[in-house]
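Next comes protein.cif, with mmCIF, C-alpha atoms.
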data_start
loop_
_atom_site.label_atom_id
_atom_site.label_comp_id
_atom_site.auth_asym_id
_atom_site.auth_seq_id
_atom_site.Cartn_x
_atom_site.Cartn_y
_atom_site.Cartn_z
CA MET N 17 -75.38 23.90 -95.08
CA ILE N 18 -71.60 24.25 -95.32
CA ASP N 19 -69.62 22.16 -97.77
CA VAL N 20 -66.56 20.82 -95.98
CA LYS N 21 -65.01 19.74 -99.26
CA GLU N 22 -65.04 23.27 -100.65
CA ILE N 23 -64.67 25.70 -97.76
CA PHE N 24 -60.90 25.44 -97.53
CA ASN N 25 -58.31 25.85 -100.24
CA ASN N 26 -56.06 23.53 -98.24
CA ASP N 27 -57.31 19.93 -98.09
CA GLU N 28 -55.14 19.30 -95.02
CA VAL N 29 -57.03 22.02 -93.16
CA ALA N 30 -60.40 20.61 -94.24
CA LYS N 31 -59.47 17.28 -92.64
CA LEU N 32 -59.23 18.99 -89.25
CA VAL N 33 -62.78 20.36 -89.20
CA SER N 34 -65.30 19.73 -86.44
CA PHE N 35 -68.79 21.26 -86.22
CA TRP N 36 -70.10 23.94 -83.86
CA LEU N 37 -73.87 23.43 -83.81
CA PRO N 38 -76.11 26.45 -83.07
CA ASP N 39 -77.73 26.97 -79.69
CA ASN N 40 -81.19 27.37 -81.22
CA GLY N 41 -81.28 24.45 -83.66
CA ASP N 42 -84.42 22.32 -83.70
CA GLY N 43 -84.55 18.53 -83.87
CA MET N 44 -84.55 18.43 -87.68
CA ASP N 45 -81.58 20.79 -87.88
CA LEU N 46 -79.60 18.67 -85.42
CA ALA N 47 -80.50 15.45 -87.20
CA GLY N 48 -79.33 16.91 -90.50
CA ALA N 49 -76.08 18.10 -88.93
CA VAL N 50 -75.32 14.66 -87.48
CA GLU N 51 -76.14 12.93 -90.77
CA TYR N 52 -73.80 15.24 -92.69
CA ALA N 53 -71.11 15.01 -89.99
CA ALA N 54 -71.22 11.23 -90.24
CA GLU N 55 -70.93 11.39 -94.04
CA MET N 56 -67.90 13.69 -93.78
CA LYS N 57 -66.37 11.68 -90.90
CA ILE N 58 -66.42 14.72 -88.61
CA PRO N 59 -64.87 13.65 -85.27
CA MET N 60 -66.51 16.07 -82.87
CA LEU N 61 -69.69 18.11 -82.41
CA SER N 62 -69.85 21.10 -80.06
CA VAL N 63 -73.44 21.56 -78.90
CA ALA N 64 -75.54 23.43 -76.37
CA PRO N 65 -75.92 21.36 -73.18
CA LYS N 66 -79.68 21.03 -73.73
CA ASP N 67 -79.06 19.33 -77.08
CA VAL N 68 -76.90 16.47 -75.77
CA PRO N 69 -79.84 14.09 -75.17
CA VAL N 70 -81.27 15.05 -78.57
CA VAL N 71 -78.07 14.39 -80.51
CA TRP N 72 -76.74 11.39 -78.59
CA PRO N 73 -79.11 8.69 -79.98
CA TRP N 74 -77.92 9.54 -83.50
CA VAL N 75 -74.20 9.40 -82.72
CA GLU N 76 -74.17 6.56 -80.22
CA THR N 77 -72.95 4.04 -82.79
CA LEU N 78 -70.60 6.48 -84.58
CA LYS N 79 -66.98 7.39 -83.90
CA MET N 80 -68.01 10.93 -83.07
CA LYS N 81 -67.79 12.84 -79.80
CA VAL N 82 -70.55 15.11 -78.51
CA ILE N 83 -69.07 17.94 -76.44
CA PRO N 84 -71.42 20.46 -74.79
CA ARG N 85 -70.15 23.97 -74.19
CA PHE N 86 -70.57 25.85 -70.94
CA TYR N 87 -70.01 29.61 -70.69
CA ILE N 88 -68.70 30.84 -67.35
CA LYS N 89 -69.35 34.55 -67.00
CA ASN N 90 -68.67 35.07 -63.32
CA THR N 91 -65.93 34.20 -60.87
CA VAL N 92 -66.02 30.54 -59.94
CA ASN N 93 -65.75 29.49 -56.31
CA VAL N 94 -66.51 26.30 -54.42
CA GLU N 95 -70.22 27.17 -54.10
CA THR N 96 -70.79 27.98 -57.78
CA MET N 97 -68.65 25.01 -58.79
CA SER N 98 -71.11 22.74 -57.02
CA ASP N 99 -73.97 23.87 -59.28
CA LEU N 100 -71.77 23.69 -62.36
CA ALA N 101 -70.67 20.17 -61.46
CA VAL N 102 -74.30 19.03 -61.26
CA ASN N 103 -74.95 20.31 -64.80
CA ILE N 104 -71.75 18.76 -66.17
CA ASN N 105 -72.46 15.41 -64.54
CA SER N 106 -75.95 15.50 -66.04
CA VAL N 107 -74.72 15.82 -69.65
CA PHE N 108 -72.15 13.08 -69.06
CA LYS N 109 -74.99 10.75 -68.06
CA GLN N 110 -76.77 11.74 -71.29
CA GLY N 111 -73.86 10.69 -73.50
CA ALA N 112 -71.46 13.65 -73.64
CA ALA N 113 -67.81 12.70 -74.10
CA GLY N 114 -66.55 15.79 -72.32
CA ALA N 115 -67.22 19.50 -71.94
CA GLN N 116 -65.94 22.81 -73.26
CA MET N 117 -65.61 25.33 -70.44
CA ILE N 118 -65.41 28.80 -71.98
CA LEU N 119 -64.52 31.64 -69.64
CA GLY N 120 -62.85 35.00 -69.27
CA LEU N 121 -59.23 35.15 -68.23
CA ASP N 122 -60.21 37.04 -65.07
CA ALA N 123 -62.24 34.00 -63.91
CA PHE N 124 -59.55 31.46 -64.76
CA ASP N 125 -57.66 31.31 -61.44
CA GLY N 126 -60.85 30.77 -59.46
CA PHE N 127 -61.96 28.16 -61.96
CA VAL N 128 -58.67 26.27 -61.69
CA ASN N 129 -58.72 26.31 -57.89
CA SER N 130 -62.37 25.25 -57.64
CA LEU N 131 -62.46 22.64 -60.39
CA GLY N 132 -59.14 21.25 -59.23
CA LEU N 133 -60.86 19.92 -56.12
CA VAL N 134 -63.21 17.69 -58.13
CA ARG N 135 -61.55 17.45 -61.55
CA ASP N 136 -60.41 13.82 -61.43
CA ASP N 137 -63.75 12.53 -60.16
CA LEU N 138 -65.98 14.77 -62.29
CA PHE N 139 -64.05 14.36 -65.54
CA PHE N 140 -62.95 10.77 -65.07
CA ASN N 141 -62.51 9.30 -68.57
CA LYS N 142 -63.98 12.50 -70.09
CA ASP N 143 -62.46 15.35 -72.11
CA LEU N 144 -61.95 18.71 -70.45
CA SER N 145 -61.54 21.56 -72.93
CA VAL N 146 -60.86 25.04 -71.54
CA GLY N 147 -61.71 27.93 -73.85
CA PHE N 148 -60.79 31.60 -74.01
CA ASP N 149 -61.42 34.55 -76.28
CA ILE N 150 -57.93 34.80 -77.73
CA SER N 151 -58.27 38.59 -77.93
CA GLU N 152 -58.08 38.68 -74.12
CA ILE N 153 -54.75 36.87 -73.88
CA TRP N 154 -51.45 38.72 -74.16
CA PRO N 155 -48.05 37.04 -74.57
CA LEU N 156 -47.18 37.42 -70.88
CA ASP N 157 -50.45 35.70 -69.88
CA TRP N 158 -49.54 32.36 -71.41
CA GLU N 159 -47.27 31.16 -68.62
CA ARG N 160 -50.15 31.55 -66.18
CA VAL N 161 -52.63 29.96 -68.60
CA PHE N 162 -50.52 26.89 -69.29
CA PHE N 163 -49.75 26.47 -65.59
CA GLY N 164 -53.49 26.30 -64.91
CA LEU N 165 -54.20 24.00 -67.85
CA LYS N 166 -51.56 21.55 -66.67
CA LYS N 167 -52.94 21.70 -63.15
CA LEU N 168 -56.34 20.72 -64.53
CA HIS N 169 -54.90 18.09 -66.91
CA ALA N 170 -56.92 19.75 -69.68
CA SER N 171 -57.50 17.63 -72.78
CA SER N 172 -57.41 20.71 -75.00
CA VAL N 173 -57.25 24.48 -75.01
CA LEU N 174 -59.91 26.14 -77.15
CA LEU N 175 -59.10 29.55 -78.66
CA VAL N 176 -62.15 31.50 -79.82
CA LEU N 177 -62.03 34.62 -81.97
CA GLU N 178 -65.13 36.40 -80.69
CA ASN N 179 -64.74 39.57 -82.74
CA ASP N 180 -62.45 39.67 -85.74
CA THR N 181 -61.31 43.27 -86.20
CA ARG N 182 -58.79 42.22 -88.85
CA GLU N 183 -55.44 43.96 -88.35
CA LYS N 184 -56.56 45.50 -85.04
CA SER N 185 -57.15 42.09 -83.52
CA ASP N 186 -53.49 41.09 -84.05
CA PHE N 187 -54.80 37.58 -84.52
CA THR N 188 -51.69 36.04 -86.05
CA GLY N 189 -49.52 37.66 -83.39
CA ARG N 190 -51.65 36.19 -80.63
CA ILE N 191 -51.57 32.71 -82.17
CA TYR N 192 -47.82 33.03 -82.61
CA ALA N 193 -47.47 33.96 -78.92
CA ALA N 194 -49.53 30.93 -77.87
CA LEU N 195 -47.31 28.62 -79.91
CA GLU N 196 -44.07 30.22 -78.78
CA ASN N 197 -45.08 29.82 -75.14
CA TRP N 198 -46.65 26.38 -75.55
CA ASP N 199 -46.01 24.45 -72.34
CA ALA N 200 -48.71 21.83 -71.98
CA ASP N 201 -49.21 18.21 -71.07
CA LYS N 202 -47.90 16.00 -73.86
CA ASP N 203 -51.33 14.94 -75.12
CA MET N 204 -53.14 18.28 -74.87
CA GLU N 205 -54.74 19.38 -78.14
CA LEU N 206 -55.17 22.81 -79.71
CA HIS N 207 -58.73 23.62 -80.75
CA VAL N 208 -59.67 26.81 -82.56
CA MET N 209 -63.13 28.30 -83.14
CA LEU N 210 -63.15 30.93 -85.87
CA GLY N 211 -66.78 30.84 -86.99
CA ASN N 212 -66.53 30.48 -90.74
CA SER N 213 -63.38 32.56 -91.16
CA PHE N 214 -61.56 30.06 -93.30
CA MET N 215 -58.71 32.46 -94.06
CA ARG N 216 -57.97 32.59 -90.34
CA ALA N 217 -57.97 28.79 -90.10
CA GLU N 218 -55.40 28.57 -92.87
CA GLN N 219 -53.27 31.18 -91.06
CA VAL N 220 -53.35 29.05 -87.92
CA TYR N 221 -52.46 25.93 -89.89
CA ARG N 222 -49.42 27.63 -91.42
CA LEU N 223 -48.24 28.99 -88.07
CA VAL N 224 -48.58 25.58 -86.40
CA SER N 225 -46.79 23.90 -89.31
CA ILE N 226 -43.83 26.26 -88.93
CA ASN N 227 -43.65 26.75 -85.16
CA ARG N 228 -45.17 23.60 -83.61
CA PRO N 229 -45.45 20.89 -86.28
CA GLU N 230 -45.89 18.28 -83.56
CA LEU N 231 -49.30 19.87 -82.86
CA LEU N 232 -50.68 19.27 -86.34
CA LYS N 233 -52.05 15.88 -85.25
CA LYS N 234 -53.67 17.57 -82.25
CA LEU N 235 -55.24 20.50 -84.11
CA LYS N 236 -59.00 20.92 -84.63
CA PHE N 237 -60.94 23.74 -86.27
CA PHE N 238 -64.55 24.27 -85.22
CA VAL N 239 -66.76 25.83 -87.88
CA ASN N 240 -70.37 26.95 -87.63
CA TYR N 241 -72.77 24.43 -89.09
#
Would you give me this structure, written as C-alpha cells?
Amino acid sequence: MIDVKEIFNNDEVAKLVSFWLPDNGDGMDLAGAVEYAAEMKIPMLSVAPKDVPVVWPWVETLKMKVIPRFYIKNTVNVETMSDLAVNINSVFKQGAAGAQMILGLDAFDGFVNSLGLVRDDLFFNKDLSVGFDISEIWPLDWERVFFGLKKLHASSVLLVLENDTREKSDFTGRIYAALENWDADKDMELHVMLGNSFMRAEQVYRLVSINRPELLKKLKFFVNY
C-alpha cells in the first residue's frame, strides 16, 4: 500500500493526490483502498466500470467521488456512441459521479461530434473528464483539443503518461505547451495520471505554479493504489 504522507517531498503536492484503483482488484483490495482513502481524505477514486457497484456502498456517506474510466480505442460515431451511452448511464445509476473517457487524439473529433449530441442529457449533473496520452499531443494540437473540450463542457482534462522514456518523452515540454495554450472553460480542472512517478508530479506542480497558478486549486494527481 502506498503512503500518501511520504511519497512526495512536497506536502502541497501530496494534498492533491487521488487514487487510481487497479482493474483486477478483488473485493478486499477495494475495501482496503476505500478505507485508506477515507483516512487520508482522498477526494476521488478512478475505478474500472465493473467496480462501481462494489465500491459505491463504502463511499456513499463519504465526500469522495467514484469515477469509472472508459477506454475508447476506435473511432466514435453515432452508432458506437449509443452503446457507450448505455454503459455510462449504467454506472451513473450505480453511484458514479462522472466518467473518465480516455481516447486517442485521432478519435477525438468523432467523439466530440457524437457525444455532443447527448452530452447535456447523459452527463447532467455528472463530471465529464476527457483523457489523452500526453505523448500523442504536440503544441499545435492544443487549439483543437481545447476547442473540443469547451464544446463538450468537460469538467477536466486528464493527461496520462503511458510510457515514460525520460528525456525522449519531452514530458516537461509537453506539459509546458498544454499550460501555454490553456484555453478552457473557467471551471475545468487539470488531472494528471503519472502512475507512481512522483518526480514527474512535482515537475507538473512547479510548472503550474509558475505558468498557471490559478490552476493549482483545480489540479489533481492520480497515483496507482
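Summary of the local environment: counting all atoms listed in the file, residues at most 6 Å from Ser145 (chain N), other than itself and those fewer than 3 positions away along its chain, are N:Gln116, N:Ala170, N:Ser171, N:Ser172, N:Val173.
When all atoms listed in the file are used to measure the gap to Lys142 (chain N), the shortest distance among N:Glu159, N:Ile83, N:Phe237, N:Ala101 belongs to N:Ile83.
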Translate the PyMOL selection byres ((chain N and resi 178) around 9) into a concrete residue list for this structure, as a PyMOL selection string. chain N and resi 149-151+176-177+179-180+209-211
For the PyMOL selection byres ((chain N and resi 206) around 10), applied here, can you spell out every residue it catches as JSON, numbers by chain? {"N": [145, 171, 172, 173, 174, 175, 195, 203, 204, 205, 207, 208, 224, 231, 232, 233, 234, 235, 236, 237]}
Apply the PyMOL selection byres ((chain N and resi 37) around 9) to the structure shown and report the selected residues as number ranges by chain. N: 35-36, 38-41, 46, 49, 61-64, 239-241
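For the pair CA of Leu121 (chain N) and CA of Ala193 (chain N), the separation is 15.9 Å.
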Considering only C-alpha atoms, return as a PyMOL selection string whatever protein or nucleic-acid residues lie within 10 Å of Val134 (chain N), sequence-local ones (same chain, fewer than 3 positions apart) excluded. chain N and resi 94+97-98+101+129-131+137-140+168
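Each of N:Met117, N:Ile104, N:Ala217, N:Met80 was compared to Ala54 (chain N) using all atoms listed in the file, and N:Met80 turns out to be the nearest.
Shortest separation to Ala30 (chain N) among N:Met215, N:Leu156, N:Leu223, N:Ala123 occurs at residue N:Met215, atoms counted being all atoms listed in the file.
CA of Asn105 (chain N) is found 25.6 Å from CA of Asp45 (chain N).
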Would you compute the distance between CA of Ile88 (chain N) and CA of Leu119 (chain N)? Give it in Å to one decimal. 4.8 Å
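For the point (-82.0, 16.3, -84.0) in file coordinates, the residues within 10 Å, using all atoms listed in the file, are Gly41, Asp42, Gly43, Met44, Asp45, Leu46, Ala47, Gly48, Ala49, Val50, Glu51, Asp67, Val68, Pro69, Val70, Val71, Trp72, Pro73 and Trp74 of chain N.
Counting all atoms listed in the file, the residue from N:Leu78, N:Val102, N:Leu165, N:Ile191 that sits nearest to Arg216 (chain N) is N:Ile191.
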Which residues are close to Asp125 (chain N), i.e. within 9 Å by all atoms listed in the file, leaving aside same-chain residues fewer than 3 positions away? Reply as a count of residues only. 10
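Considering the residues N:Ile118, N:Phe127, N:Pro59, N:Glu230 and counting all atoms listed in the file, Thr96 (chain N) has its shortest atom-to-atom contact with N:Phe127.
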Copy region 72-85 of chain N out of the block into a file, keeping all heavy atoms, as an mmCIF file, in the first residue's frame.
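What ended up in result29.cif:
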data_model
loop_
_atom_site.group_PDB
_atom_site.id
_atom_site.type_symbol
_atom_site.label_atom_id
_atom_site.label_comp_id
_atom_site.auth_asym_id
_atom_site.auth_seq_id
_atom_site.Cartn_x
_atom_site.Cartn_y
_atom_site.Cartn_z
ATOM 1 N N TRP N 72 -19.208 1.630 -4.386
ATOM 2 C CA TRP N 72 -20.178 2.652 -4.018
ATOM 3 C C TRP N 72 -20.749 2.510 -2.601
ATOM 4 O O TRP N 72 -20.836 3.502 -1.866
ATOM 5 C CB TRP N 72 -21.311 2.700 -5.042
ATOM 6 C CG TRP N 72 -22.449 3.598 -4.623
ATOM 7 C CD1 TRP N 72 -23.726 3.233 -4.335
ATOM 8 C CD2 TRP N 72 -22.402 5.013 -4.421
ATOM 9 N NE1 TRP N 72 -24.479 4.316 -3.966
ATOM 10 C CE2 TRP N 72 -23.687 5.434 -4.012
ATOM 11 C CE3 TRP N 72 -21.392 5.967 -4.545
ATOM 12 C CZ2 TRP N 72 -23.984 6.748 -3.725
ATOM 13 C CZ3 TRP N 72 -21.691 7.299 -4.259
ATOM 14 C CH2 TRP N 72 -22.973 7.675 -3.866
ATOM 15 N N PRO N 73 -21.145 1.323 -2.142
ATOM 16 C CA PRO N 73 -21.713 1.233 -0.783
ATOM 17 C C PRO N 73 -20.759 1.725 0.306
ATOM 18 O O PRO N 73 -21.207 2.192 1.354
ATOM 19 C CB PRO N 73 -22.008 -0.266 -0.634
ATOM 20 C CG PRO N 73 -22.198 -0.759 -2.026
ATOM 21 C CD PRO N 73 -21.213 0.022 -2.847
ATOM 22 N N TRP N 74 -19.448 1.647 0.053
ATOM 23 C CA TRP N 74 -18.477 2.078 1.056
ATOM 24 C C TRP N 74 -18.226 3.580 1.032
ATOM 25 O O TRP N 74 -17.740 4.139 2.003
ATOM 26 C CB TRP N 74 -17.145 1.341 0.852
ATOM 27 C CG TRP N 74 -17.254 -0.148 1.024
ATOM 28 C CD1 TRP N 74 -18.002 -0.824 1.946
ATOM 29 C CD2 TRP N 74 -16.598 -1.136 0.236
ATOM 30 N NE1 TRP N 74 -17.849 -2.174 1.792
ATOM 31 C CE2 TRP N 74 -16.995 -2.407 0.750
ATOM 32 C CE3 TRP N 74 -15.723 -1.095 -0.845
ATOM 33 C CZ2 TRP N 74 -16.537 -3.611 0.217
ATOM 34 C CZ3 TRP N 74 -15.251 -2.286 -1.376
ATOM 35 C CH2 TRP N 74 -15.665 -3.528 -0.852
ATOM 36 N N VAL N 75 -18.515 4.223 -0.092
ATOM 37 C CA VAL N 75 -18.228 5.662 -0.190
ATOM 38 C C VAL N 75 -19.493 6.515 -0.160
ATOM 39 O O VAL N 75 -19.407 7.739 -0.166
ATOM 40 C CB VAL N 75 -17.429 5.988 -1.478
ATOM 41 C CG1 VAL N 75 -16.164 5.163 -1.558
ATOM 42 C CG2 VAL N 75 -18.277 5.773 -2.725
ATOM 43 N N GLU N 76 -20.635 5.868 -0.131
ATOM 44 C CA GLU N 76 -21.903 6.590 -0.251
ATOM 45 C C GLU N 76 -22.033 7.718 0.759
ATOM 46 O O GLU N 76 -22.585 8.778 0.453
ATOM 47 C CB GLU N 76 -23.063 5.602 -0.100
ATOM 48 C CG GLU N 76 -24.429 6.207 -0.356
ATOM 49 C CD GLU N 76 -25.540 5.170 -0.339
ATOM 50 O OE1 GLU N 76 -25.248 3.985 -0.079
ATOM 51 O OE2 GLU N 76 -26.696 5.551 -0.578
ATOM 52 N N THR N 77 -21.530 7.495 1.973
ATOM 53 C CA THR N 77 -21.678 8.512 3.020
ATOM 54 C C THR N 77 -20.441 9.402 3.154
ATOM 55 O O THR N 77 -20.379 10.242 4.055
ATOM 56 C CB THR N 77 -21.943 7.841 4.372
ATOM 57 O OG1 THR N 77 -20.842 6.967 4.696
ATOM 58 C CG2 THR N 77 -23.228 7.029 4.326
ATOM 59 N N LEU N 78 -19.457 9.222 2.249
ATOM 60 C CA LEU N 78 -18.209 9.985 2.320
ATOM 61 C C LEU N 78 -18.193 11.094 1.273
ATOM 62 O O LEU N 78 -18.910 11.033 0.275
ATOM 63 C CB LEU N 78 -17.006 9.058 2.086
ATOM 64 C CG LEU N 78 -16.876 7.855 3.021
ATOM 65 C CD1 LEU N 78 -15.724 6.974 2.563
ATOM 66 C CD2 LEU N 78 -16.677 8.301 4.454
ATOM 67 N N LYS N 79 -17.373 12.088 1.494
ATOM 68 C CA LYS N 79 -17.183 13.146 0.495
ATOM 69 C C LYS N 79 -16.100 12.699 -0.484
ATOM 70 O O LYS N 79 -14.998 13.241 -0.530
ATOM 71 C CB LYS N 79 -16.799 14.453 1.181
ATOM 72 C CG LYS N 79 -17.909 15.053 2.026
ATOM 73 C CD LYS N 79 -17.479 16.370 2.640
ATOM 74 C CE LYS N 79 -18.611 16.975 3.472
ATOM 75 N NZ LYS N 79 -18.211 18.264 4.094
ATOM 76 N N MET N 80 -16.435 11.690 -1.250
ATOM 77 C CA MET N 80 -15.478 11.079 -2.167
ATOM 78 C C MET N 80 -16.204 10.679 -3.447
ATOM 79 O O MET N 80 -17.269 10.077 -3.390
ATOM 80 C CB MET N 80 -14.847 9.846 -1.505
ATOM 81 C CG MET N 80 -13.721 9.211 -2.278
ATOM 82 S SD MET N 80 -13.190 7.657 -1.482
ATOM 83 C CE MET N 80 -12.793 8.211 0.184
ATOM 84 N N LYS N 81 -15.638 11.030 -4.583
ATOM 85 C CA LYS N 81 -16.260 10.712 -5.856
ATOM 86 C C LYS N 81 -15.688 9.416 -6.428
ATOM 87 O O LYS N 81 -14.479 9.186 -6.379
ATOM 88 C CB LYS N 81 -16.029 11.845 -6.866
ATOM 89 C CG LYS N 81 -16.772 13.126 -6.551
ATOM 90 C CD LYS N 81 -16.536 14.176 -7.634
ATOM 91 C CE LYS N 81 -17.339 15.435 -7.373
ATOM 92 N NZ LYS N 81 -17.135 16.447 -8.440
ATOM 93 N N VAL N 82 -16.564 8.598 -6.976
ATOM 94 C CA VAL N 82 -16.162 7.396 -7.702
ATOM 95 C C VAL N 82 -16.323 7.685 -9.187
ATOM 96 O O VAL N 82 -17.430 7.999 -9.655
ATOM 97 C CB VAL N 82 -17.026 6.184 -7.303
ATOM 98 C CG1 VAL N 82 -16.630 4.963 -8.122
ATOM 99 C CG2 VAL N 82 -16.880 5.898 -5.818
ATOM 100 N N ILE N 83 -15.210 7.604 -9.920
ATOM 101 C CA ILE N 83 -15.211 7.941 -11.345
ATOM 102 C C ILE N 83 -14.697 6.746 -12.139
ATOM 103 O O ILE N 83 -13.502 6.422 -12.087
ATOM 104 C CB ILE N 83 -14.301 9.164 -11.631
ATOM 105 C CG1 ILE N 83 -14.651 10.334 -10.713
ATOM 106 C CG2 ILE N 83 -14.405 9.568 -13.097
ATOM 107 C CD1 ILE N 83 -15.966 10.986 -10.994
ATOM 108 N N PRO N 84 -15.557 6.045 -12.871
ATOM 109 C CA PRO N 84 -15.080 4.937 -13.701
ATOM 110 C C PRO N 84 -14.377 5.455 -14.957
ATOM 111 O O PRO N 84 -14.677 6.541 -15.444
ATOM 112 C CB PRO N 84 -16.367 4.194 -14.065
ATOM 113 C CG PRO N 84 -17.422 5.255 -14.025
ATOM 114 C CD PRO N 84 -17.018 6.201 -12.946
ATOM 115 N N ARG N 85 -13.451 4.671 -15.441
ATOM 116 C CA ARG N 85 -12.698 5.059 -16.640
ATOM 117 C C ARG N 85 -13.068 4.155 -17.818
ATOM 118 O O ARG N 85 -13.134 2.930 -17.688
ATOM 119 C CB ARG N 85 -11.198 5.017 -16.374
ATOM 120 C CG ARG N 85 -10.688 3.744 -15.761
ATOM 121 C CD ARG N 85 -9.204 3.838 -15.379
ATOM 122 N NE ARG N 85 -8.735 2.600 -14.787
ATOM 123 C CZ ARG N 85 -8.694 2.367 -13.473
ATOM 124 N NH1 ARG N 85 -9.063 3.320 -12.624
ATOM 125 N NH2 ARG N 85 -8.267 1.203 -13.016
#
